[in-house]
Amino acid sequence: MKHKRIVALGAVCAVLLLAAIVVLSSCGGGTTTTTAASTPATTAAPAAGGSTDTTAAVAAAGDDIVVGAINSLTGGNVLTGAEEKWAQEKAVADINAKGGVKLNDGKMHKLVLKFADDKSQPTEGAAAMEKLIKTDGIKLVLSSNITPINQAAAQVAEKYGVYFDICSSWIDDASPDGKFPGFIGGMNLKWSTDMFESAGESGKVAVGAVKAMDPADQPKNFAVMTENTPDGVGFGDATKAGLEAQGWKVVSYEKFVEGNKDFSSIILKFKQANVDGVVTLISPADGITFVKQMKEQGWSPKYLFGYKGFWPVDFYKALGTNAEYIGHDGFWSETLPYPYAKELGAAFSAEHGGATSNSIGLYYAAVQILAQALEKAGTAEPGAVRDQVFGGTFPGTTMGDITYTPKGIAHIPFLAFQWQQGKRVVVYPTEFATGKMLTFAPWDKR
């Protein structure tokens, strides 16, 4: 029997196939990927991912629910986008393997993902959201993992009254004096929610990783290096202040344009300032370039810690042993005591040559939350789903129990990792640590 799609504002651009297909968009110039509802041979996640009704197996099948997903399918953020996409598809597959989500009609509805490429740019993120809404008729959308992209897309969602399930974007509110506009938390959004950490708090894991080193090896002179974007500057200002509050000297603060191909002048400044510790927010592509040029110039600080760009699996693949001793942030680990964390990590490793991830649990949980909200609402109407998330609590996700404020903001703690012998080791906070932070080894002594 043919299943209708629960969509509005127009018909879906492409017929959904039984396997993922790629469609060239004639409406926004971007690429969309549709992952059809299917029931693969898979070990489904716990009940937090979808229906908790024991009669689900015999409930009638209802119309599929098409969910949009904005993702960096191309551009400088493609490496982190790939892990997010994998996690979202895995979550949907696991939910569908149990029959889908049960709505007030008493039927089980499978989820279908339709991806739209943000091309790693905010303007393209807004265009991707516009296409999903106006061309594909979608009213429920999962986010990209970059703050400026999600801010731009959220403004479009506000215009059309579409629920935007954001994660991995700074949650900061505006400052009381109005000098700092904030990020997602400062936008007073009515149709978007966000699950992440604040830029102001995120720098604490870099400080925690320093403290996890042997005291004799801790750096004395820090540099903060960040993309010259509102996202990056907000992070950089907060991180600089955080390091200085802990008594460390920040002797250099450098901003650069994303897509930079030559970091030699910045590296020279760091050398001249006797920098022995670096904290940076950088894209994966730029991060690979920066590390390669560090080695070319023979510069080895005691400590190198990066946000966003240093953690994708392909970052280590691209650099090999040159990625050793590099620290990075993270939001999740398969070693955390959360439901399905170990199993999710094992599934990712099995499909990625034994590699691990520090992010997939967050993206998986965002889909779990959407599924729970659908069931609580009993309908796929965006306003009803949104109302369940604002101020709502969602137990048993791969990020643990998640509670949103009445403004739709959920806080999660960050972790600090380090690449050691090709593996990522949790070094902070102490209660979750699986190893100790090691000093960055000089290039000629590896």
# chains A, B, ... in the order shown; residues from 1 in each chain; ligands from 1
>>> closest_atom_pairs(of="stretch 203-308 of chain A", to="stretch 76-100 of chain A", cutoff="8 Å", atoms="only C-alpha atoms", output="tab-separated table")
residue	atom	partner	partner_atom	distance
A:Gly259	CA	A:Gly76	CA	7.4
A:Ser283	CA	A:Asn77	CA	6.3
A:Pro284	CA	A:Asn77	CA	6.6
A:Ala285	CA	A:Gly76	CA	5.7
A:Asp286	CA	A:Gly76	CA	7.9
A:Lys308	CA	A:Thr80	CA	7.8
>>> write_last_selection(atoms="N, CA and C atoms", output="PDB file, in the first residue's frame")
ATOM      1  N   GLY A 259      39.367  29.172   5.619  1.00  0.00           N
ATOM      2  CA  GLY A 259      39.851  28.827   4.289  1.00  0.00           C
ATOM      3  C   GLY A 259      41.274  29.289   4.063  1.00  0.00           C
ATOM      4  N   SER A 283      38.355  25.064  11.402  1.00  0.00           N
ATOM      5  CA  SER A 283      37.667  24.029  10.630  1.00  0.00           C
ATOM      6  C   SER A 283      38.621  22.847  10.402  1.00  0.00           C
ATOM      7  N   PRO A 284      38.097  21.664  10.087  1.00  0.00           N
ATOM      8  CA  PRO A 284      38.967  20.519   9.839  1.00  0.00           C
ATOM      9  C   PRO A 284      39.989  20.772   8.730  1.00  0.00           C
ATOM     10  N   ALA A 285      39.546  21.347   7.610  1.00  0.00           N
ATOM     11  CA  ALA A 285      40.475  21.586   6.497  1.00  0.00           C
ATOM     12  C   ALA A 285      41.590  22.544   6.908  1.00  0.00           C
ATOM     13  N   ASP A 286      41.226  23.638   7.594  1.00  0.00           N
ATOM     14  CA  ASP A 286      42.234  24.592   8.047  1.00  0.00           C
ATOM     15  C   ASP A 286      43.114  23.983   9.131  1.00  0.00           C
ATOM     16  N   LYS A 308      36.395  21.947  17.195  1.00  0.00           N
ATOM     17  CA  LYS A 308      35.728  21.710  15.912  1.00  0.00           C
ATOM     18  C   LYS A 308      36.596  20.960  14.912  1.00  0.00           C
TER      19      LYS A 308
END
>>> closest_atom_pairs(of="stretch 266-370 of chain A", to="stretch 187-208 of chain A", cutoff="9 Å", atoms="only C-alpha atoms", output="CSV")
residue,atom,partner,partner_atom,distance
A:Val279,CA,A:Ala206,CA,7.2
A:Phe305,CA,A:Ala206,CA,6.6
A:Gly306,CA,A:Ala206,CA,8.4
A:Gly327,CA,A:Ala206,CA,8.3
A:His328,CA,A:Ala206,CA,7.9
A:Asp329,CA,A:Val205,CA,7.1
A:Phe331,CA,A:Phe196,CA,8.3
A:Leu362,CA,A:Met195,CA,8.5
A:Ala366,CA,A:Met195,CA,8.0
>>> write_last_selection(atoms="C-alpha atoms", output="short mmCIF file (atom, residue, chain, number, x, y, z; two decimals), in the first residue's frame")
data_model
loop_
_atom_site.label_atom_id
_atom_site.label_comp_id
_atom_site.auth_asym_id
_atom_site.auth_seq_id
_atom_site.Cartn_x
_atom_site.Cartn_y
_atom_site.Cartn_z
CA VAL A 279 44.00 26.84 21.93
CA PHE A 305 44.14 21.95 21.71
CA GLY A 306 41.54 22.55 19.00
CA GLY A 327 43.94 17.69 22.10
CA HIS A 328 40.36 18.43 21.11
CA ASP A 329 36.94 19.08 22.52
CA PHE A 331 30.46 16.23 23.51
CA LEU A 362 24.79 14.13 20.49
CA ALA A 366 18.67 14.94 18.82
#
>>> closest_residue(among="A:Asn221, A:Ser359, A:Ser169, A:Thr280", to="A:Gly236", atoms="only C-alpha atoms")
A:Thr280
>>> closest_residue(among="A:Ile282, A:Val367, A:Ile266, A:Ala223", to="A:Ala69", atoms="only C-alpha atoms")
A:Val367
>>> select_by_dssp(residues="stretch 39-149 of chain A", states="helix (DSSP H, G or I)", output="ChimeraX atom specification")
/A:47-49,56-58,78-97,122-134,147-149
>>> residues_around(residues="A:Lys240", least_positions_apart="4", cutoff="7 Å", atoms="only C-alpha atoms", output="PyMOL selection string")
chain A and resi 224+236+244+250
>>> closest_residue(among="A:Val426, A:Met437, A:Val210, A:Ala410", to="A:Asp276", atoms="only C-alpha atoms")
A:Val210
>>> residues_around(residues="A:Val313", least_positions_apart="2", cutoff="10 Å", atoms="only C-alpha atoms", output="list in words")
Leu79, Thr80, Ala82, Glu83, Phe310, Trp311, Phe315, Tyr316, Lys317, Ala318, His352, Ala355, Thr356, Ser357, Asn358, Gly422, Lys423 and Arg424 of chain A
>>> closest_residue(among="A:Ala60, A:Leu142, A:Ala371, A:Met225", to="A:Lys114", atoms="only C-alpha atoms")
A:Leu142
>>> closest_residue(among="A:Val427, A:Ile146, A:Met399, A:Ile70", to="A:Pro337", atoms="only C-alpha atoms")
A:Met399
>>> closest_residue(among="A:Ile171, A:Ile326, A:Leu103, A:Val278", to="A:Lys407", atoms="only C-alpha atoms")
A:Ile171
>>> residues_around(residues="A:Tyr303", least_positions_apart="2", cutoff="6 Å", atoms="only C-alpha atoms", output="list in words")
Gly277, Pro301 and Phe440 of chain A
